[in-house]
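Data block for coords.pdb (PDB, C-alpha atoms, pLDDT in the B column):
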ATOM      1  CA  MET A   1     260.027 113.796  40.606  1.00 73.00           C
ATOM      2  CA  LYS A   2     260.017 112.182  44.001  1.00 77.00           C
ATOM      3  CA  ASN A   3     256.405 113.267  44.393  1.00 80.00           C
ATOM      4  CA  GLN A   4     255.383 111.630  41.117  1.00 78.00           C
ATOM      5  CA  LEU A   5     257.145 108.414  42.095  1.00 79.00           C
ATOM      6  CA  CYS A   6     255.280 108.354  45.406  1.00 81.00           C
ATOM      7  CA  VAL A   7     251.912 108.938  43.711  1.00 79.00           C
ATOM      8  CA  GLY A   8     252.683 106.195  41.164  1.00 81.00           C
ATOM      9  CA  ALA A   9     253.637 103.732  43.939  1.00 82.00           C
ATOM     10  CA  ILE A  10     250.436 104.498  45.877  1.00 86.00           C
ATOM     11  CA  PHE A  11     248.360 104.063  42.720  1.00 80.00           C
ATOM     12  CA  LEU A  12     250.054 100.716  41.974  1.00 82.00           C
ATOM     13  CA  CYS A  13     249.504  99.499  45.561  1.00 84.00           C
ATOM     14  CA  CYS A  14     245.809 100.486  45.421  1.00 82.00           C
ATOM     15  CA  ALA A  15     245.327  98.690  42.093  1.00 81.00           C
ATOM     16  CA  LEU A  16     247.004  95.544  43.445  1.00 84.00           C
ATOM     17  CA  ALA A  17     244.928  95.667  46.641  1.00 83.00           C
ATOM     18  CA  LEU A  18     241.665  96.070  44.674  1.00 82.00           C
ATOM     19  CA  GLY A  19     242.593  93.227  42.302  1.00 82.00           C
ATOM     20  CA  LEU A  20     243.536  90.918  45.153  1.00 83.00           C
ATOM     21  CA  GLY A  21     240.366  91.825  47.098  1.00 80.00           C
ATOM     22  CA  SER A  22     238.191  91.161  44.066  1.00 82.00           C
ATOM     23  CA  ARG A  23     239.766  87.747  43.576  1.00 85.00           C
ATOM     24  CA  VAL A  24     239.263  86.794  47.242  1.00 82.00           C
ATOM     25  CA  LEU A  25     235.624  87.872  47.157  1.00 79.00           C
ATOM     26  CA  ASP A  26     235.004  85.901  43.934  1.00 82.00           C
ATOM     27  CA  ARG A  27     236.415  82.749  45.553  1.00 81.00           C
ATOM     28  CA  ARG A  28     234.255  83.205  48.650  1.00 79.00           C
ATOM     29  CA  ALA A  29     231.160  83.716  46.526  1.00 72.00           C
ATOM     30  CA  THR A  30     231.943  80.560  44.517  1.00 72.00           C
ATOM     31  CA  VAL A  31     232.490  78.493  47.680  1.00 67.00           C
ATOM     32  CA  SER A  32     229.297  79.750  49.353  1.00 68.00           C
ATOM     33  CA  ALA A  33     227.275  79.186  46.172  1.00 63.00           C
ATOM     34  CA  ALA A  34     228.575  75.609  45.939  1.00 63.00           C
ATOM     35  CA  ALA A  35     227.738  75.016  49.611  1.00 63.00           C
ATOM     36  CA  ALA A  36     224.229  76.389  49.082  1.00 66.00           C
ATOM     37  CA  ALA A  37     223.609  74.457  45.871  1.00 69.00           C
ATOM     38  CA  VAL A  38     220.230  73.357  47.225  1.00 76.00           C
ATOM     39  CA  GLN A  39     217.602  74.520  44.796  1.00 80.00           C
ATOM     40  CA  ALA A  40     213.850  74.296  44.774  1.00 85.00           C
ATOM     41  CA  PRO A  41     212.553  71.300  42.824  1.00 86.00           C
ATOM     42  CA  ARG A  42     211.353  71.833  39.272  1.00 87.00           C
ATOM     43  CA  PHE A  43     207.946  70.447  38.416  1.00 87.00           C
ATOM     44  CA  GLU A  44     206.501  69.684  35.024  1.00 90.00           C
ATOM     45  CA  VAL A  45     202.862  69.184  34.126  1.00 89.00           C
ATOM     46  CA  ASP A  46     202.023  65.748  32.760  1.00 90.00           C
ATOM     47  CA  PRO A  47     198.914  66.333  30.633  1.00 90.00           C
ATOM     48  CA  LEU A  48     198.238  62.578  30.470  1.00 90.00           C
ATOM     49  CA  TRP A  49     198.002  62.134  34.260  1.00 90.00           C
ATOM     50  CA  PRO A  50     195.702  60.780  35.529  1.00 92.00           C
ATOM     51  CA  LYS A  51     194.605  58.292  32.915  1.00 94.00           C
ATOM     52  CA  PRO A  52     190.978  58.547  31.710  1.00 93.00           C
ATOM     53  CA  LEU A  53     188.437  57.628  34.371  1.00 95.00           C
ATOM     54  CA  PRO A  54     186.106  54.626  33.944  1.00 94.00           C
ATOM     55  CA  ASN A  55     182.320  54.775  33.636  1.00 92.00           C
ATOM     56  CA  LYS A  56     182.502  58.106  31.754  1.00 91.00           C
ATOM     57  CA  TRP A  57     183.207  59.854  35.061  1.00 94.00           C
ATOM     58  CA  ILE A  58     184.307  63.479  35.227  1.00 94.00           C
ATOM     59  CA  LEU A  59     185.682  65.545  38.087  1.00 94.00           C
ATOM     60  CA  GLY A  60     184.246  68.657  39.636  1.00 92.00           C
ATOM     61  CA  GLN A  61     186.363  71.176  41.531  1.00 92.00           C
ATOM     62  CA  THR A  62     189.332  69.259  42.960  1.00 92.00           C
ATOM     63  CA  ILE A  63     189.798  70.801  46.379  1.00 92.00           C
ATOM     64  CA  GLY A  64     192.215  68.426  48.075  1.00 93.00           C
ATOM     65  CA  VAL A  65     195.233  66.295  47.168  1.00 95.00           C
ATOM     66  CA  ALA A  66     197.296  64.009  49.422  1.00 96.00           C
ATOM     67  CA  VAL A  67     200.015  61.409  48.870  1.00 95.00           C
ATOM     68  CA  ASP A  68     200.350  58.372  51.153  1.00 95.00           C
ATOM     69  CA  ALA A  69     203.351  56.222  52.083  1.00 94.00           C
ATOM     70  CA  GLN A  70     202.853  54.000  49.011  1.00 94.00           C
ATOM     71  CA  ASP A  71     203.002  57.042  46.697  1.00 94.00           C
ATOM     72  CA  HIS A  72     199.285  56.756  46.005  1.00 96.00           C
ATOM     73  CA  VAL A  73     197.690  60.087  45.168  1.00 96.00           C
ATOM     74  CA  TRP A  74     194.332  60.745  46.842  1.00 96.00           C
ATOM     75  CA  ILE A  75     192.014  63.493  45.652  1.00 96.00           C
ATOM     76  CA  ILE A  76     188.714  64.824  46.871  1.00 95.00           C
ATOM     77  CA  HIS A  77     186.484  66.791  44.546  1.00 94.00           C
ATOM     78  CA  ARG A  78     183.107  68.482  44.601  1.00 91.00           C
ATOM     79  CA  ALA A  79     180.762  66.632  42.280  1.00 88.00           C
ATOM     80  CA  GLY A  80     178.128  69.281  43.017  1.00 86.00           C
ATOM     81  CA  SER A  81     180.227  71.908  41.241  1.00 90.00           C
ATOM     82  CA  LEU A  82     179.491  70.345  37.839  1.00 90.00           C
ATOM     83  CA  GLU A  83     177.031  72.180  35.625  1.00 90.00           C
ATOM     84  CA  PRO A  84     173.857  70.387  34.449  1.00 87.00           C
ATOM     85  CA  GLY A  85     175.192  70.483  30.896  1.00 85.00           C
ATOM     86  CA  GLU A  86     178.249  68.486  31.987  1.00 89.00           C
ATOM     87  CA  VAL A  87     176.418  65.471  33.438  1.00 88.00           C
ATOM     88  CA  HIS A  88     174.032  64.378  30.691  1.00 86.00           C
ATOM     89  CA  ALA A  89     174.251  60.692  31.682  1.00 84.00           C
ATOM     90  CA  THR A  90     172.612  61.438  35.052  1.00 86.00           C
ATOM     91  CA  THR A  91     169.414  62.977  33.686  1.00 84.00           C
ATOM     92  CA  ASN A  92     166.219  60.947  33.558  1.00 85.00           C
ATOM     93  CA  PRO A  93     166.031  59.906  30.804  1.00 86.00           C
ATOM     94  CA  PRO A  94     169.733  60.304  29.922  1.00 83.00           C
ATOM     95  CA  THR A  95     170.247  62.908  27.211  1.00 85.00           C
ATOM     96  CA  ALA A  96     173.687  61.557  26.274  1.00 85.00           C
ATOM     97  CA  GLN A  97     175.987  58.687  27.127  1.00 84.00           C
ATOM     98  CA  CYS A  98     178.515  60.967  28.769  1.00 88.00           C
ATOM     99  CA  CYS A  99     179.124  62.064  31.567  1.00 90.00           C
ATOM    100  CA  ALA A 100     178.536  61.320  35.267  1.00 91.00           C
ATOM    101  CA  PRO A 101     180.245  62.715  38.367  1.00 93.00           C
ATOM    102  CA  ALA A 102     182.994  60.535  39.843  1.00 94.00           C
ATOM    103  CA  PRO A 103     182.766  59.490  43.513  1.00 94.00           C
ATOM    104  CA  PRO A 104     184.143  62.200  45.832  1.00 94.00           C
ATOM    105  CA  ILE A 105     187.301  60.292  46.890  1.00 95.00           C
ATOM    106  CA  LEU A 106     189.610  58.863  44.217  1.00 96.00           C
ATOM    107  CA  GLU A 107     192.890  56.983  44.735  1.00 97.00           C
ATOM    108  CA  PHE A 108     195.508  56.800  41.968  1.00 97.00           C
ATOM    109  CA  ASP A 109     198.829  54.995  41.747  1.00 96.00           C
ATOM    110  CA  ALA A 110     201.948  56.898  40.646  1.00 93.00           C
ATOM    111  CA  ALA A 111     201.290  55.985  37.003  1.00 93.00           C
ATOM    112  CA  GLY A 112     197.853  57.662  37.121  1.00 95.00           C
ATOM    113  CA  ASP A 113     195.715  54.507  37.166  1.00 96.00           C
ATOM    114  CA  LEU A 114     192.559  54.683  39.303  1.00 97.00           C
ATOM    115  CA  ILE A 115     192.924  52.011  42.003  1.00 96.00           C
ATOM    116  CA  GLY A 116     190.189  52.997  44.451  1.00 95.00           C
ATOM    117  CA  HIS A 117     187.151  55.231  44.849  1.00 95.00           C
ATOM    118  CA  TRP A 118     184.475  55.802  47.464  1.00 92.00           C
ATOM    119  CA  GLY A 119     182.492  58.400  49.346  1.00 89.00           C
ATOM    120  CA  GLY A 120     179.351  60.414  49.023  1.00 87.00           C
ATOM    121  CA  PRO A 121     175.988  60.242  50.794  1.00 84.00           C
ATOM    122  CA  GLY A 122     174.844  56.763  51.800  1.00 83.00           C
ATOM    123  CA  GLN A 123     173.002  54.657  54.330  1.00 84.00           C
ATOM    124  CA  GLY A 124     174.329  54.500  57.891  1.00 81.00           C
ATOM    125  CA  TYR A 125     176.461  57.633  57.889  1.00 77.00           C
ATOM    126  CA  ASP A 126     176.318  61.329  57.064  1.00 79.00           C
ATOM    127  CA  TRP A 127     178.489  62.871  54.383  1.00 84.00           C
ATOM    128  CA  PRO A 128     179.402  66.587  54.377  1.00 86.00           C
ATOM    129  CA  ASP A 129     177.501  68.795  51.962  1.00 84.00           C
ATOM    130  CA  SER A 130     180.698  70.495  50.841  1.00 85.00           C
ATOM    131  CA  ASN A 131     184.054  68.694  50.889  1.00 85.00           C
ATOM    132  CA  HIS A 132     187.043  70.817  51.896  1.00 86.00           C
ATOM    133  CA  GLY A 133     190.223  68.770  52.101  1.00 91.00           C
ATOM    134  CA  ILE A 134     191.930  65.392  52.403  1.00 94.00           C
ATOM    135  CA  THR A 135     194.984  63.986  54.162  1.00 94.00           C
ATOM    136  CA  VAL A 136     196.399  60.522  54.809  1.00 94.00           C
ATOM    137  CA  ASP A 137     198.008  59.780  58.181  1.00 93.00           C
ATOM    138  CA  TYR A 138     200.991  57.523  58.900  1.00 92.00           C
ATOM    139  CA  ARG A 139     198.675  54.538  59.475  1.00 91.00           C
ATOM    140  CA  GLY A 140     197.040  54.876  56.070  1.00 91.00           C
ATOM    141  CA  ASN A 141     193.802  56.397  57.379  1.00 93.00           C
ATOM    142  CA  VAL A 142     192.239  58.900  55.002  1.00 92.00           C
ATOM    143  CA  TRP A 143     190.801  62.004  56.672  1.00 92.00           C
ATOM    144  CA  ILE A 144     188.500  64.472  54.950  1.00 90.00           C
ATOM    145  CA  GLY A 145     187.252  67.909  55.875  1.00 87.00           C
ATOM    146  CA  GLY A 146     183.910  69.373  55.007  1.00 85.00           C
ATOM    147  CA  VAL A 147     180.944  71.503  55.987  1.00 82.00           C
ATOM    148  CA  PRO A 148     177.947  69.582  57.339  1.00 73.00           C
ATOM    149  CA  ARG A 149     174.273  70.216  56.810  1.00 62.00           C
ATOM    150  CA  PRO A 150     173.186  73.427  58.548  1.00 62.00           C
ATOM    151  CA  GLN A 151     170.568  71.790  60.785  1.00 53.00           C
ATOM    152  CA  ARG A 152     172.907  69.138  62.175  1.00 47.00           C
ATOM    153  CA  VAL A 153     176.619  69.060  62.969  1.00 44.00           C
ATOM    154  CA  VAL A 154     178.235  65.682  62.352  1.00 48.00           C
ATOM    155  CA  ALA A 155     181.765  64.425  62.933  1.00 49.00           C
ATOM    156  CA  ALA A 156     183.088  61.337  61.163  1.00 48.00           C
ATOM    157  CA  ASP A 157     185.723  58.941  62.442  1.00 45.00           C
ATOM    158  CA  ALA A 158     188.635  57.860  60.298  1.00 45.00           C
ATOM    159  CA  VAL A 159     187.661  56.775  56.843  1.00 50.00           C
ATOM    160  CA  SER A 160     190.295  54.288  55.860  1.00 49.00           C
ATOM    161  CA  ARG A 161     191.469  51.987  53.162  1.00 50.00           C
ATOM    162  CA  ARG A 162     194.572  50.049  54.097  1.00 49.00           C
ATOM    163  CA  PRO A 163     196.805  47.825  51.948  1.00 46.00           C
ATOM    164  CA  GLY A 164     195.824  44.171  52.186  1.00 46.00           C
ATOM    165  CA  ARG A 165     192.185  44.910  52.936  1.00 45.00           C
ATOM    166  CA  THR A 166     189.397  44.886  50.429  1.00 44.00           C
ATOM    167  CA  GLY A 167     186.844  47.646  50.309  1.00 46.00           C
ATOM    168  CA  SER A 168     186.688  50.582  52.649  1.00 45.00           C
ATOM    169  CA  ARG A 169     184.795  51.551  55.743  1.00 47.00           C
ATOM    170  CA  THR A 170     183.155  54.724  56.861  1.00 49.00           C
ATOM    171  CA  ARG A 171     181.969  55.327  60.398  1.00 46.00           C
ATOM    172  CA  ALA A 172     180.147  58.471  61.379  1.00 44.00           C
ATOM    173  CA  ARG A 173     178.585  59.611  64.608  1.00 43.00           C
ATOM    174  CA  PRO A 174     176.490  62.608  65.638  1.00 41.00           C
ATOM    175  CA  ALA A 175     178.458  65.330  67.378  1.00 42.00           C
ATOM    176  CA  ALA A 176     177.347  67.955  69.846  1.00 43.00           C
ATOM    177  CA  ARG A 177     174.811  70.274  68.296  1.00 40.00           C
ATOM    178  CA  ASN A 178     177.009  73.321  67.862  1.00 42.00           C
ATOM    179  CA  PRO A 179     176.269  75.276  64.672  1.00 42.00           C
ATOM    180  CA  SER A 180     179.693  76.926  64.691  1.00 42.00           C
ATOM    181  CA  THR A 181     181.506  73.579  64.391  1.00 41.00           C
ATOM    182  CA  THR A 182     182.229  72.758  60.775  1.00 41.00           C
ATOM    183  CA  THR A 183     185.051  70.250  61.097  1.00 42.00           C
ATOM    184  CA  TRP A 184     184.936  66.697  59.821  1.00 43.00           C
ATOM    185  CA  CYS A 185     187.686  64.208  60.446  1.00 44.00           C
TER     186      CYS A 185
END

Please go through the file and, once you have read it, give me the structure as structure tokens.
Amino acid sequence: MKNQLCVGAIFLCCALALGLGSRVLDRRATVSAAAAAVQAPRFEVDPLWPKPLPNKWILGQTIGVAVDAQDHVWIIHRAGSLEPGEVHATTNPPTAQCCAPAPPILEFDAAGDLIGHWGGPGQGYDWPDSNHGITVDYRGNVWIGGVPRPQRVVAADAVSRRPGRTGSRTRARPAARNPSTTTWC
């Protein structure tokens, strides 16, 4: 009988110890979960952003996105990635009223309205054959990356559009003739 009482007491002590331990561990887990309540942000697609582009413009492959200090969204796309059947308004004569490639650099406000656009080949500077990326620095300068023409390596200075100024400026200069260099700034 004494033996059975001893076994019963040991069993009761073990059950109490396990119950108490479980409760302590549950409290610790709750406290650590509350302390680490930082979660990754949840994003939702807005199918109506950006708003329709003017001039019946369409985008090619969008290969770069940046956001500046004013929450303006900058994108760079490859107009050359559009198929001939997508740009009927650019044929001579035009085969349809729609569509034409948008300029390579587009600036949108947070609501999705187009507020600026520029870029592409022009007089007085060289533009990369294939755009590769975009970023905006703390001063509001817009920097692009791209691959230049094979026969000539070119580096561009900051291409900027700052608040309070009208228009934009692009300065480009020839770089050292090094075929392995493919960086534009």

Selection dump of the PyMOL selection byres ((chain A and resi 110) around 8), as a list in words | Asp71, His72, Val73, Phe108, Asp109, Ala111, Gly112 and Asp113 of chain A

Counting only C-alpha atoms, which residues of segment 29-113 of chain A fall within 12 Å of segment 127-142 of chain A, and what is the closest atom pair for each with its distance in Å at one decimal, ordered by chain and rising number, as CSV?
residue,atom,partner,partner_atom,distance
A:Gly60,CA,A:Asn131,CA,11.3
A:Gln61,CA,A:Asn131,CA,10.0
A:Thr62,CA,A:Gly133,CA,9.2
A:Ile63,CA,A:Gly133,CA,6.1
A:Gly64,CA,A:Gly133,CA,4.5
A:Val65,CA,A:Ile134,CA,6.3
A:Ala66,CA,A:Thr135,CA,5.3
A:Val67,CA,A:Val136,CA,7.0
A:Asp68,CA,A:Val136,CA,5.8
A:Ala69,CA,A:Tyr138,CA,7.3
A:Gln70,CA,A:Gly140,CA,9.2
A:Asp71,CA,A:Val136,CA,11.0
A:His72,CA,A:Val136,CA,10.0
A:Val73,CA,A:Val136,CA,9.7
A:Trp74,CA,A:Ile134,CA,7.6
A:Ile75,CA,A:Ile134,CA,7.0
A:Ile76,CA,A:Ile134,CA,6.4
A:His77,CA,A:Asn131,CA,7.1
A:Arg78,CA,A:Asn131,CA,6.4
A:Ala79,CA,A:Ser130,CA,9.4
A:Gly80,CA,A:Ser130,CA,8.3
A:Ser81,CA,A:Ser130,CA,9.7
A:Pro103,CA,A:Asn131,CA,11.9
A:Pro104,CA,A:Asn131,CA,8.2
A:Ile105,CA,A:Ile134,CA,8.8
A:Leu106,CA,A:Ile134,CA,10.7
A:Glu107,CA,A:Val142,CA,10.5

Correct to one decimal, the distance atom CA of Ile115 of chain A-atom CA of Pro54 of chain A is 10.9 Å
